[in-house]
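So this one's target.cif, mmCIF, N, CA and C atoms:
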data_structure
#
loop_
_atom_site.label_atom_id
_atom_site.label_comp_id
_atom_site.auth_asym_id
_atom_site.auth_seq_id
_atom_site.Cartn_x
_atom_site.Cartn_y
_atom_site.Cartn_z
N MET A 6 12.00 -39.48 194.52
CA MET A 6 12.90 -38.47 194.97
C MET A 6 12.13 -37.58 195.93
N ALA A 7 12.76 -37.33 197.12
CA ALA A 7 12.11 -36.51 198.12
C ALA A 7 12.32 -35.05 197.78
N ARG A 8 11.33 -34.30 198.05
CA ARG A 8 11.38 -32.89 197.71
C ARG A 8 11.65 -32.08 198.99
N ALA A 9 12.59 -31.09 198.94
CA ALA A 9 12.93 -30.26 200.10
C ALA A 9 11.82 -29.24 200.34
N ALA A 10 11.69 -28.87 201.58
CA ALA A 10 10.67 -27.87 201.93
C ALA A 10 11.08 -26.51 201.37
N VAL A 11 10.12 -25.67 201.16
CA VAL A 11 10.39 -24.34 200.63
C VAL A 11 11.17 -23.54 201.66
N GLY A 12 12.27 -22.91 201.24
CA GLY A 12 13.09 -22.11 202.14
C GLY A 12 14.15 -22.91 202.86
N ALA A 13 14.15 -24.21 202.75
CA ALA A 13 15.15 -25.03 203.42
C ALA A 13 16.38 -25.15 202.53
N ALA A 14 17.53 -25.39 203.15
CA ALA A 14 18.77 -25.56 202.40
C ALA A 14 18.74 -26.91 201.71
N PRO A 15 19.37 -27.00 200.56
CA PRO A 15 19.44 -28.29 199.86
C PRO A 15 20.14 -29.33 200.72
N ALA A 16 19.83 -30.57 200.50
CA ALA A 16 20.40 -31.66 201.28
C ALA A 16 21.92 -31.65 201.18
N GLY A 17 22.60 -31.82 202.31
CA GLY A 17 24.05 -31.86 202.31
C GLY A 17 24.71 -30.49 202.46
N HIS A 18 23.93 -29.43 202.46
CA HIS A 18 24.49 -28.08 202.60
C HIS A 18 23.92 -27.45 203.86
N ARG A 19 24.78 -26.75 204.58
CA ARG A 19 24.29 -26.06 205.76
C ARG A 19 24.04 -24.60 205.42
N SER A 20 23.05 -24.06 206.02
CA SER A 20 22.75 -22.66 205.81
C SER A 20 23.51 -21.85 206.86
N ILE A 21 24.35 -20.94 206.41
CA ILE A 21 25.14 -20.10 207.30
C ILE A 21 24.73 -18.66 207.04
N SER A 22 24.31 -18.00 208.09
CA SER A 22 23.95 -16.61 207.89
C SER A 22 25.22 -15.79 207.74
N VAL A 23 25.14 -14.71 207.03
CA VAL A 23 26.30 -13.91 206.70
C VAL A 23 26.90 -13.27 207.94
N GLY A 24 26.11 -12.85 208.89
CA GLY A 24 26.60 -12.12 210.04
C GLY A 24 27.24 -12.95 211.13
N VAL A 25 27.20 -14.25 211.04
CA VAL A 25 27.69 -15.10 212.12
C VAL A 25 29.20 -14.96 212.29
N TYR A 26 29.95 -14.93 211.22
CA TYR A 26 31.40 -14.93 211.30
C TYR A 26 32.01 -13.55 211.14
N SER A 27 31.23 -12.53 210.96
CA SER A 27 31.78 -11.19 210.80
C SER A 27 32.00 -10.55 212.17
N ARG A 28 33.01 -9.66 212.26
CA ARG A 28 33.29 -8.96 213.50
C ARG A 28 32.28 -7.85 213.71
N ALA A 29 32.04 -7.56 214.95
CA ALA A 29 31.15 -6.44 215.27
C ALA A 29 31.84 -5.15 214.87
N PRO A 30 31.11 -4.20 214.36
CA PRO A 30 31.74 -2.94 213.96
C PRO A 30 32.30 -2.22 215.19
N GLU A 31 33.49 -1.63 215.05
CA GLU A 31 34.12 -0.94 216.16
C GLU A 31 33.49 0.44 216.32
N VAL A 32 33.25 0.78 217.54
CA VAL A 32 32.67 2.07 217.84
C VAL A 32 33.81 3.09 217.85
N PRO A 33 33.66 4.25 217.22
CA PRO A 33 34.76 5.21 217.12
C PRO A 33 35.37 5.62 218.46
N TYR A 34 34.56 5.81 219.50
CA TYR A 34 35.13 6.25 220.77
C TYR A 34 35.97 5.15 221.42
N VAL A 35 35.71 3.89 221.09
CA VAL A 35 36.54 2.80 221.63
C VAL A 35 37.93 2.89 221.03
N LYS A 36 38.03 3.15 219.73
CA LYS A 36 39.33 3.31 219.08
C LYS A 36 40.06 4.51 219.65
N GLU A 37 39.32 5.60 219.90
CA GLU A 37 39.93 6.80 220.43
C GLU A 37 40.49 6.54 221.83
N ARG A 38 39.73 5.85 222.68
CA ARG A 38 40.20 5.53 224.03
C ARG A 38 41.40 4.61 223.98
N ARG A 39 41.38 3.64 223.06
CA ARG A 39 42.49 2.71 222.93
C ARG A 39 43.74 3.47 222.48
N GLY A 40 43.56 4.43 221.57
CA GLY A 40 44.68 5.23 221.10
C GLY A 40 45.29 6.06 222.22
N ARG A 41 44.44 6.64 223.06
CA ARG A 41 44.94 7.41 224.20
C ARG A 41 45.71 6.52 225.16
N ALA A 42 45.19 5.33 225.40
CA ALA A 42 45.85 4.40 226.33
C ALA A 42 47.23 4.01 225.79
N VAL A 43 47.33 3.78 224.50
CA VAL A 43 48.61 3.40 223.90
C VAL A 43 49.58 4.57 224.00
N LYS A 44 49.11 5.79 223.76
CA LYS A 44 49.97 6.96 223.86
C LYS A 44 50.47 7.15 225.29
N LYS A 45 49.60 6.95 226.26
CA LYS A 45 50.00 7.08 227.66
C LYS A 45 51.03 6.02 228.02
N LEU A 46 50.80 4.80 227.56
CA LEU A 46 51.74 3.71 227.84
C LEU A 46 53.11 4.00 227.23
N LEU A 47 53.13 4.50 226.00
CA LEU A 47 54.40 4.85 225.37
C LEU A 47 55.09 5.99 226.11
N LEU A 48 54.32 6.96 226.56
CA LEU A 48 54.89 8.08 227.30
C LEU A 48 55.51 7.60 228.62
N VAL A 49 54.83 6.72 229.32
CA VAL A 49 55.36 6.18 230.58
C VAL A 49 56.63 5.36 230.30
N ALA A 50 56.61 4.57 229.23
CA ALA A 50 57.79 3.76 228.89
C ALA A 50 58.97 4.66 228.55
N LEU A 51 58.74 5.72 227.77
CA LEU A 51 59.82 6.64 227.42
C LEU A 51 60.36 7.36 228.66
N ALA A 52 59.47 7.75 229.56
CA ALA A 52 59.90 8.40 230.80
C ALA A 52 60.75 7.45 231.64
N ALA A 53 60.35 6.19 231.71
CA ALA A 53 61.12 5.20 232.48
C ALA A 53 62.50 4.98 231.87
N ILE A 54 62.56 4.89 230.55
CA ILE A 54 63.85 4.71 229.87
C ILE A 54 64.73 5.94 230.09
N GLY A 55 64.13 7.14 229.98
CA GLY A 55 64.89 8.36 230.22
C GLY A 55 65.42 8.43 231.65
N GLY A 56 64.59 8.05 232.62
CA GLY A 56 65.02 8.04 234.01
C GLY A 56 66.16 7.06 234.24
N LEU A 57 66.08 5.91 233.61
CA LEU A 57 67.16 4.92 233.74
C LEU A 57 68.46 5.45 233.16
N LEU A 58 68.38 6.10 232.00
CA LEU A 58 69.59 6.64 231.38
C LEU A 58 70.20 7.75 232.25
N VAL A 59 69.39 8.60 232.83
CA VAL A 59 69.89 9.66 233.71
C VAL A 59 70.55 9.04 234.95
N TYR A 60 69.90 8.04 235.53
CA TYR A 60 70.46 7.37 236.71
C TYR A 60 71.82 6.75 236.40
N ARG A 61 71.93 6.07 235.27
CA ARG A 61 73.19 5.44 234.90
C ARG A 61 74.28 6.48 234.66
N GLN A 62 73.93 7.62 234.07
CA GLN A 62 74.90 8.68 233.83
C GLN A 62 75.39 9.27 235.15
N ILE A 63 74.47 9.46 236.09
CA ILE A 63 74.86 9.98 237.42
C ILE A 63 75.80 9.00 238.10
N GLN A 64 75.49 7.71 238.02
CA GLN A 64 76.36 6.70 238.65
C GLN A 64 77.75 6.71 238.00
N ALA A 65 77.81 6.85 236.68
CA ALA A 65 79.10 6.89 235.98
C ALA A 65 79.89 8.14 236.38
N ASP A 66 79.21 9.27 236.51
CA ASP A 66 79.88 10.50 236.93
C ASP A 66 80.43 10.37 238.35
N ARG A 67 79.67 9.76 239.24
CA ARG A 67 80.14 9.55 240.62
C ARG A 67 81.37 8.64 240.65
N ALA A 68 81.33 7.57 239.85
CA ALA A 68 82.46 6.64 239.81
C ALA A 68 83.71 7.35 239.28
N GLU A 69 83.55 8.19 238.27
CA GLU A 69 84.70 8.92 237.72
C GLU A 69 85.22 9.93 238.75
N GLN A 70 84.31 10.60 239.45
CA GLN A 70 84.73 11.56 240.47
C GLN A 70 85.49 10.85 241.60
N ASP A 71 85.02 9.68 242.01
CA ASP A 71 85.72 8.91 243.04
C ASP A 71 87.12 8.50 242.57
N LEU A 72 87.23 8.12 241.31
CA LEU A 72 88.52 7.74 240.75
C LEU A 72 89.48 8.92 240.75
N TRP A 73 89.00 10.08 240.33
CA TRP A 73 89.85 11.28 240.31
C TRP A 73 90.24 11.68 241.74
N THR A 74 89.32 11.56 242.67
CA THR A 74 89.63 11.90 244.06
C THR A 74 90.71 10.98 244.60
N GLU A 75 90.61 9.70 244.30
CA GLU A 75 91.61 8.74 244.75
C GLU A 75 92.97 8.99 244.08
N ALA A 76 92.95 9.34 242.80
CA ALA A 76 94.20 9.53 242.06
C ALA A 76 94.89 10.82 242.47
N THR A 77 94.16 11.83 242.86
CA THR A 77 94.78 13.13 243.17
C THR A 77 94.86 13.40 244.67
N ASP A 78 94.57 12.41 245.48
CA ASP A 78 94.64 12.59 246.94
C ASP A 78 96.10 12.79 247.33
N SER A 79 96.35 13.82 248.15
CA SER A 79 97.71 14.16 248.53
C SER A 79 98.27 13.25 249.61
N VAL A 80 97.43 12.55 250.34
CA VAL A 80 97.90 11.67 251.40
C VAL A 80 98.09 10.26 250.81
N PRO A 81 99.28 9.69 250.91
CA PRO A 81 99.49 8.33 250.40
C PRO A 81 98.69 7.32 251.22
N THR A 82 98.15 6.31 250.56
CA THR A 82 97.29 5.34 251.24
C THR A 82 98.10 4.34 252.06
N GLY A 83 99.37 4.11 251.74
CA GLY A 83 100.18 3.11 252.44
C GLY A 83 100.81 3.63 253.72
N SER A 84 100.74 4.91 254.01
CA SER A 84 101.47 5.44 255.18
C SER A 84 100.62 5.56 256.39
#
Please express what this file holds, its structure, as structure tokens.
Amino acid sequence: MARAAVGAAPAGHRSISVGVYSRAPEVPYVKERRGRAVKKLLLVALAAIGGLLVYRQIQADRAEQDLWTEATDSVPTGS
């Protein structure tokens, strides 16, 4: 029977160091910067949605005003 060298892994087993598959620890300022970026992105998205809603409301108000102007115009369109 062959004898394994001192410190070597037994035959058929691979030696895996503990740190190989673990994630690197996150640095606190990286999380803070990422959090700020996400907040800014959400703020821009909310502003864009708000702007779209205001634009659509203005368009609806204009369409209603045009309808009222057409309905209450004193000059008949067929004459």
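Our summary of the geometry notes that CA of Ala42 (chain A) is positioned 25.7 Å from CA of Val59 (chain A).
Atom N of Ala53 (chain A) sits 17.2 Å away from CA of Arg41 (chain A).
Straight-line separation from atom C of Thr74 (chain A) to atom C of Gln62 (chain A): 18.1 Å.
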